[in-house]
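What follows is a short report on a single structure.
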Amino acid sequence: VPAGRLPPLSGRVYGRRWLVLLLFSLLGFAQGLVWNTWGPIQNSARLAFGFSGWDIALLVFWGPIGFAPCFFFMWLMDKKGLRVTVLLTSSLMVLGAGLRCVPVSDLEIRKKLIHGGQLLNGLAGPTVMNAAPFLSTTWFSPDERATATAIASLLNYLGSAAAFLVGPLVVPPPNSTAQPSNTQHIKDRIEAVLYAEFGMVSLIFSAALAYFPSRPPFPPSVAAASQRLSYRRSFCRLLSNFRFLMIALAYAIPLGVFSGWSGVLDLILTPIHVSQVDAGWIGFWSIVGGCVVGIAMARFADFIRGMLKFILLLLLSGATLASTWFTLTCLTTVTHLPLTTATLYTSCILLGIFLNSSVPIFFELFVETVYPVPEGISCGVVTFLSNVFMGVLLFFLTFYHTEFSWFNWCLPGSCLLSLLLILCFRESYDRLYLDVVVSV
């Protein structure tokens with residue numbers, strides 16, 4: 001670049017960054033919506049398509065299985081940039097959503113197509129969950145990065161929340177008679193949901209194909225313009241960094257457990273006589289609350305820098321208390337705590353708020369701790385670990401799906417372990433130091 005065209009050392013931001021953030025956030029929203037299609041309507045899906053409890057658990061399980069090629073997407077993002085990665089991801093989502101809509105009369109073939117579609121949608125997970133810090137560093141200034149990371153990462157969770165709302169409101173629950181006319185009506189309503197999701201994913205893909213640049217003409221900060229470690233050296237740095245491994249486990253264990261738990265929330269609440277609609281509203285408000293608080297916390301972190309560890313301690317303490325309350329409430333024969341709709345709503349919503357709002361704070365702390373490792377690689381490793389824990393949990397659920405007290409106890413145990421790890425963690429802000437000191 002000719003010397004006369006060099007931007008100021010402090011960087012330059014472009015108004016189009018908000019359009020890029022919007023497209024990426026909508027992609028994450030759609031991926032979460034498609035992934036969580038079946039859990040909130042599992043009773044209706046059993047009747048309409050002949051799904052078993054094992055099928056419902058497996059449909060959720062395709063999400064963590066889709067993270068198997070996570071390292072490929074991390075390499076693609078590092079070498080080819082955001083545009084190529086986003087277009088590949090969105091094309092997989094279009095194909096997956098389309099497979100679920102193929103009108104086949106044979107239920108066995110139809111079930112296989114639905115499972116295949118869920119797997120393809122799961123393959124989009126590594127990008128929509130890992131790329132948020134990379135996008136915020138590439139397009140946003142240092143005083144906007146945490147906010148952009150929060151919006152880009154939490155819209156995926158908001159999509160999962162929308163599934164809790166859309167599914168039970170559009171698809172009626174099965175009645176006790178299970179008449180053929182009722183079964184066909186339920187199946188038609190599920191088909192309407194699948195077609196609507198396919199249309200939404202196709203529209204987002206078309207918009208990204210029309211406009212989604214990899215990077216701005218000039219970087220927005222010194223850190224965005226700085227040289228990063230290579231793909232191989234980044235992994236060596238991560239695996240040898242004990243502090244990074246501590247916070248990686250602090251993120252992966254509770255978020256993995258919570259993601260698996262929320263994906264089959266209707267299955268867990270059914271034995272305690274909570275309706276499909278109530279379970280949907282509980283899941284919806286718990287994730288929406290987490291998204292709102294998460295964006296607010298990220299904005300606070302942008303204004304008052306160097307407070308990431310303190311914020312995480314507050315959030316994980318609240319998550320530990322809320323998950324313990326929910327677990328003890330479900331043990332009515334032992335604790336005799338009141339089991340009401342109000343207590344279930346309150347405990348689940350608080351748990352979702354505390355855990356989901358911690359995601360962007362964790363992401364920013366990962367990047368600050370291991371800089372100059374590329375953002376996509378560091379966050380890709382931790383989300384891969386999170387999905388490993390979720391996959392292990394759902395794997396056991398496919399065998400032990402008749403009683404869920406063990407599943408509920410995993411929540412407070414994982415939150416407490418994460419809290420202890422964060423307490424022992426020594427924070428540092430290497431990327432922020434570079435931006436502040438070198439820019440000045």
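Chain labels A, B, ... are given in the sequence in which chains occur in the structure tokens; within each chain residues are numbered consecutively from 1, and ligands are likewise numbered from 1 in the order shown.
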(message) I want to know what sits within 12 Å of Leu339 (chain A), based on only C-alpha atoms, with residues of the same chain fewer than 5 positions away left out; could you give that as a PyMOL selection string?
(response) chain A and resi 269+272-274+325-333+344-347
Prev. selection, all heavy atoms, output as a CSV table (one decimal), in the first residue's frame:
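again-v2.csv was written with the following content:
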chain,number,residue,atom,x,y,z
A,269,LEU,N,-38.7,-32.0,31.7
A,269,LEU,CA,-39.8,-31.4,32.5
A,269,LEU,C,-41.1,-32.2,32.3
A,269,LEU,O,-42.0,-32.1,33.2
A,269,LEU,CB,-40.0,-30.0,32.0
A,269,LEU,CG,-38.9,-29.0,32.3
A,269,LEU,CD1,-39.3,-27.6,31.8
A,269,LEU,CD2,-38.6,-28.9,33.8
A,272,ILE,N,-42.3,-34.3,35.4
A,272,ILE,CA,-42.8,-33.6,36.6
A,272,ILE,C,-44.1,-32.8,36.1
A,272,ILE,O,-44.4,-31.8,36.8
A,272,ILE,CB,-41.8,-32.6,37.2
A,272,ILE,CG1,-41.1,-31.7,36.2
A,272,ILE,CG2,-40.7,-33.4,37.9
A,272,ILE,CD1,-40.1,-30.7,36.7
A,273,HIS,N,-44.7,-33.3,35.1
A,273,HIS,CA,-46.0,-32.8,34.6
A,273,HIS,C,-46.0,-31.3,34.2
A,273,HIS,O,-46.9,-30.5,34.5
A,273,HIS,CB,-47.0,-33.0,35.7
A,273,HIS,CG,-47.1,-34.4,36.3
A,273,HIS,ND1,-47.4,-35.5,35.5
A,273,HIS,CD2,-46.7,-34.9,37.5
A,273,HIS,CE1,-47.3,-36.6,36.2
A,273,HIS,NE2,-46.9,-36.3,37.4
A,274,VAL,N,-45.0,-30.9,33.5
A,274,VAL,CA,-44.9,-29.6,32.9
A,274,VAL,C,-45.3,-29.7,31.4
A,274,VAL,O,-44.7,-30.6,30.7
A,274,VAL,CB,-43.5,-29.0,33.0
A,274,VAL,CG1,-43.4,-27.6,32.3
A,274,VAL,CG2,-43.1,-28.8,34.5
A,325,TRP,N,-30.9,-24.6,43.0
A,325,TRP,CA,-32.3,-24.4,43.3
A,325,TRP,C,-33.2,-25.2,42.4
A,325,TRP,O,-34.1,-25.9,42.9
A,325,TRP,CB,-32.6,-22.9,43.2
A,325,TRP,CG,-34.1,-22.5,43.5
A,325,TRP,CD1,-35.0,-23.3,44.2
A,325,TRP,CD2,-34.8,-21.4,43.1
A,325,TRP,NE1,-36.2,-22.6,44.3
A,325,TRP,CE2,-36.1,-21.4,43.6
A,325,TRP,CE3,-34.4,-20.2,42.4
A,325,TRP,CZ2,-37.0,-20.4,43.4
A,325,TRP,CZ3,-35.3,-19.2,42.2
A,325,TRP,CH2,-36.6,-19.3,42.7
A,326,PHE,N,-32.9,-25.2,41.1
A,326,PHE,CA,-33.8,-26.0,40.2
A,326,PHE,C,-33.7,-27.5,40.5
A,326,PHE,O,-34.7,-28.2,40.6
A,326,PHE,CB,-33.3,-25.7,38.8
A,326,PHE,CG,-34.0,-26.7,37.8
A,326,PHE,CD1,-35.3,-26.4,37.3
A,326,PHE,CD2,-33.3,-27.8,37.3
A,326,PHE,CE1,-35.9,-27.3,36.4
A,326,PHE,CE2,-33.9,-28.6,36.4
A,326,PHE,CZ,-35.2,-28.4,35.9
A,327,THR,N,-32.5,-28.0,40.7
A,327,THR,CA,-32.3,-29.4,41.0
A,327,THR,C,-32.9,-29.9,42.2
A,327,THR,O,-33.6,-30.9,42.3
A,327,THR,CB,-30.7,-29.7,41.0
A,327,THR,OG1,-30.1,-29.3,39.8
A,327,THR,CG2,-30.5,-31.2,41.2
A,328,LEU,N,-32.8,-29.1,43.3
A,328,LEU,CA,-33.5,-29.5,44.6
A,328,LEU,C,-35.0,-29.4,44.5
A,328,LEU,O,-35.7,-30.1,45.1
A,328,LEU,CB,-33.0,-28.6,45.7
A,328,LEU,CG,-31.5,-28.7,46.1
A,328,LEU,CD1,-31.1,-27.7,47.2
A,328,LEU,CD2,-31.2,-30.1,46.5
A,329,THR,N,-35.5,-28.4,43.7
A,329,THR,CA,-36.9,-28.3,43.5
A,329,THR,C,-37.5,-29.5,42.8
A,329,THR,O,-38.6,-29.9,43.1
A,329,THR,CB,-37.3,-27.0,42.6
A,329,THR,OG1,-36.7,-25.9,43.3
A,329,THR,CG2,-38.7,-26.9,42.5
A,330,CYS,N,-36.8,-30.1,41.9
A,330,CYS,CA,-37.3,-31.3,41.2
A,330,CYS,C,-37.3,-32.5,42.0
A,330,CYS,O,-38.0,-33.5,41.7
A,330,CYS,CB,-36.4,-31.6,39.9
A,330,CYS,SG,-36.6,-30.3,38.6
A,331,LEU,N,-36.5,-32.5,43.1
A,331,LEU,CA,-36.5,-33.7,44.1
A,331,LEU,C,-37.5,-33.5,45.1
A,331,LEU,O,-37.2,-33.3,46.3
A,331,LEU,CB,-35.1,-33.8,44.7
A,331,LEU,CG,-33.9,-34.1,43.7
A,331,LEU,CD1,-32.6,-34.1,44.5
A,331,LEU,CD2,-34.1,-35.5,43.1
A,332,THR,N,-38.8,-33.5,44.7
A,332,THR,CA,-39.9,-33.2,45.7
A,332,THR,C,-40.0,-34.2,46.8
A,332,THR,O,-40.4,-33.9,47.9
A,332,THR,CB,-41.2,-33.1,44.9
A,332,THR,OG1,-41.4,-34.3,44.1
A,332,THR,CG2,-41.2,-31.9,43.9
A,333,THR,N,-39.7,-35.5,46.5
A,333,THR,CA,-39.8,-36.5,47.5
A,333,THR,C,-38.7,-36.4,48.6
A,333,THR,O,-38.9,-37.0,49.6
A,333,THR,CB,-39.8,-37.9,46.9
A,333,THR,OG1,-38.6,-38.0,46.1
A,333,THR,CG2,-41.0,-38.1,45.9
A,344,LEU,N,-40.2,-23.0,38.8
A,344,LEU,CA,-39.5,-23.5,37.7
A,344,LEU,C,-39.1,-22.4,36.7
A,344,LEU,O,-38.0,-22.4,36.2
A,344,LEU,CB,-40.4,-24.6,37.0
A,344,LEU,CG,-40.5,-25.9,37.7
A,344,LEU,CD1,-41.5,-26.8,36.9
A,344,LEU,CD2,-39.2,-26.6,37.8
A,345,TYR,N,-40.0,-21.5,36.4
A,345,TYR,CA,-39.7,-20.4,35.6
A,345,TYR,C,-38.5,-19.6,36.1
A,345,TYR,O,-37.6,-19.3,35.4
A,345,TYR,CB,-41.0,-19.5,35.4
A,345,TYR,CG,-41.8,-19.7,34.2
A,345,TYR,CD1,-42.7,-20.8,34.2
A,345,TYR,CD2,-41.7,-18.9,33.1
A,345,TYR,CE1,-43.5,-21.0,33.1
A,345,TYR,CE2,-42.5,-19.1,32.0
A,345,TYR,CZ,-43.4,-20.2,32.0
A,345,TYR,OH,-44.2,-20.4,30.9
A,346,THR,N,-38.6,-19.3,37.4
A,346,THR,CA,-37.6,-18.4,38.0
A,346,THR,C,-36.2,-19.0,38.0
A,346,THR,O,-35.2,-18.4,37.6
A,346,THR,CB,-38.0,-18.0,39.4
A,346,THR,OG1,-39.3,-17.4,39.4
A,346,THR,CG2,-37.0,-17.0,40.0
A,347,SER,N,-36.1,-20.3,38.4
A,347,SER,CA,-34.8,-20.9,38.5
A,347,SER,C,-34.2,-21.1,37.1
A,347,SER,O,-33.0,-20.9,36.9
A,347,SER,CB,-34.9,-22.2,39.3
A,347,SER,OG,-35.9,-23.1,38.7
(request) Within region 194-300 of chain A, find each residue whose DSSP state, derived from the backbone, is alpha helix (DSSP H), and express the selection as a count of residues only. (result) 82
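Distances to Val222 (chain A) were evaluated for A:Asn36, A:Asn387, A:Ser323, A:Thr137 using only C-alpha atoms, and the minimum falls at A:Thr137.
The interatomic distance for the pair CA of Glu108 (chain A) and CA of Gly391 (chain A) works out to 24.5 Å.
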(request) Mind checking which residues fall within 8 Å of Arg189 (chain A), counting only C-alpha atoms, ignoring those fewer than 3 positions away in the same chain, and posting them as a ChimeraX atom specification? (result) /A:170-172,185-186,192-193
(message) Here is a test: counting only C-alpha atoms, which residue of A:Phe384, A:Trp285, A:Tyr371, A:Tyr211 is nearest to Met74 (chain A)?
(response) A:Phe384
Region 351-410 of chain A near region 125-134 of chain A within 6 Å: what's each residue's closest atom pair and its distance in Å to one decimal, counting only C-alpha atoms, ordered by chain then ascending residue number, as a tab-separated table?
residue	atom	partner	partner_atom	distance
A:Glu375	CA	A:Phe134	CA	5.0
A:Gly376	CA	A:Ala131	CA	5.4
A:Cys379	CA	A:Asn130	CA	5.4
A:Gly380	CA	A:Asn130	CA	5.1
Just N, CA and C atoms for this one: save the residues we selected as a PDB file, in the first residue's frame.
ATOM      1  N   GLU A 375      -8.080 -15.257  16.746  1.00  0.00           N
ATOM      2  CA  GLU A 375      -9.309 -15.390  17.533  1.00  0.00           C
ATOM      3  C   GLU A 375     -10.101 -16.636  17.165  1.00  0.00           C
ATOM      4  N   GLY A 376     -10.190 -16.942  15.876  1.00  0.00           N
ATOM      5  CA  GLY A 376     -10.969 -18.100  15.451  1.00  0.00           C
ATOM      6  C   GLY A 376     -10.408 -19.403  15.979  1.00  0.00           C
ATOM      7  N   CYS A 379     -10.975 -19.547  20.113  1.00  0.00           N
ATOM      8  CA  CYS A 379     -12.380 -19.785  20.435  1.00  0.00           C
ATOM      9  C   CYS A 379     -12.874 -21.095  19.833  1.00  0.00           C
ATOM     10  N   GLY A 380     -12.294 -21.505  18.697  1.00  0.00           N
ATOM     11  CA  GLY A 380     -12.664 -22.789  18.117  1.00  0.00           C
ATOM     12  C   GLY A 380     -12.310 -23.957  19.008  1.00  0.00           C
TER      13      GLY A 380
END
(request) Please provide as number ranges by chain all residues within 10 Å of region 236-238 of chain A, with the sequence filter that same-chain residues fewer than 3 positions apart are discarded (counting only C-alpha atoms). (result) A: 229-233, 241-245, 248, 369-373, 377-378, 381
(request) Might you pull out every residue within 9 Å of Gly50 (chain A), with only C-alpha atoms counted and same-chain residues fewer than 5 positions away left off, and present them as a PyMOL selection string? (result) chain A and resi 45+107-108+111
Now that the selection is made, can you save its residues with N, CA, C and O atoms as a PDB file, in the first residue's frame?
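The file below, part_37.pdb, is the result:
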ATOM      1  N   ALA A  45     -43.732 -34.587  17.691  1.00  0.00           N
ATOM      2  CA  ALA A  45     -42.904 -35.256  16.682  1.00  0.00           C
ATOM      3  C   ALA A  45     -42.959 -36.770  16.836  1.00  0.00           C
ATOM      4  O   ALA A  45     -42.912 -37.508  15.845  1.00  0.00           O
ATOM      5  N   LEU A 107     -42.072 -43.214   6.245  1.00  0.00           N
ATOM      6  CA  LEU A 107     -41.611 -42.551   7.458  1.00  0.00           C
ATOM      7  C   LEU A 107     -40.169 -42.871   7.796  1.00  0.00           C
ATOM      8  O   LEU A 107     -39.438 -42.022   8.319  1.00  0.00           O
ATOM      9  N   GLU A 108     -39.715 -44.090   7.497  1.00  0.00           N
ATOM     10  CA  GLU A 108     -38.326 -44.444   7.806  1.00  0.00           C
ATOM     11  C   GLU A 108     -37.346 -43.626   6.965  1.00  0.00           C
ATOM     12  O   GLU A 108     -36.342 -43.131   7.468  1.00  0.00           O
ATOM     13  N   LYS A 111     -37.431 -40.015   8.213  1.00  0.00           N
ATOM     14  CA  LYS A 111     -36.655 -39.822   9.436  1.00  0.00           C
ATOM     15  C   LYS A 111     -35.160 -39.740   9.139  1.00  0.00           C
ATOM     16  O   LYS A 111     -34.435 -38.941   9.746  1.00  0.00           O
TER      17      LYS A 111
END
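Checking A:Cys415, A:Leu76, A:Phe198, A:Trp281 one by one against Val257 (chain A), counting only C-alpha atoms, you find the shortest gap at A:Cys415.
From CA of His115 (chain A) back to CA of Leu92 (chain A), the distance works out to 14.0 Å.
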(message) When you look at Leu119 (chain A) with a cut-off of 7 Å (counting only C-alpha atoms), what residues show up, excluding the ones that are within fewer than 4 positions of it in the same chain? I need them as a list in words.
(response) Trp62, Gly63, Gly66, His115 and Leu123 of chain A
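Relative to CA of Met390 (chain A), CA of Ala252 (chain A) is found at 8.8 Å.
Nearest residue to Val94 (chain A), choosing from A:Leu58, A:Ile295, A:Leu313, A:Leu194 and counting only C-alpha atoms: A:Leu194.
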(message) Would you pick out the contacts of Phe389 (chain A) at 6 Å or less, using only C-alpha atoms, so that residues sharing its chain but fewer than 3 positions from it are not included, and give the list as a list in words?
(response) Gly256, Ser386 and Val392 of chain A
Dump as a JSON list (two decimals), in the first residue's frame, selection limited to N, CA, C and O atoms:
[["chain", "number", "residue", "atom", "x", "y", "z"],
["A", 256, "GLY", "N", -21.28, -26.65, 28.01],
["A", 256, "GLY", "CA", -21.61, -27.90, 27.33],
["A", 256, "GLY", "C", -22.76, -28.62, 28.00],
["A", 256, "GLY", "O", -23.69, -29.11, 27.34],
["A", 386, "SER", "N", -16.43, -27.66, 24.47],
["A", 386, "SER", "CA", -17.79, -27.55, 25.00],
["A", 386, "SER", "C", -18.72, -28.56, 24.35],
["A", 386, "SER", "O", -19.54, -29.20, 25.02],
["A", 392, "VAL", "N", -20.88, -35.99, 25.09],
["A", 392, "VAL", "CA", -20.76, -37.09, 26.07],
["A", 392, "VAL", "C", -22.03, -37.17, 26.91],
["A", 392, "VAL", "O", -22.58, -38.26, 27.17]]
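The nearest approach to Ile190 (chain A) among the residues A:Pro40, A:Gly96, A:Gly81, A:Gly289, with only C-alpha atoms taken into account, belongs to A:Pro40.
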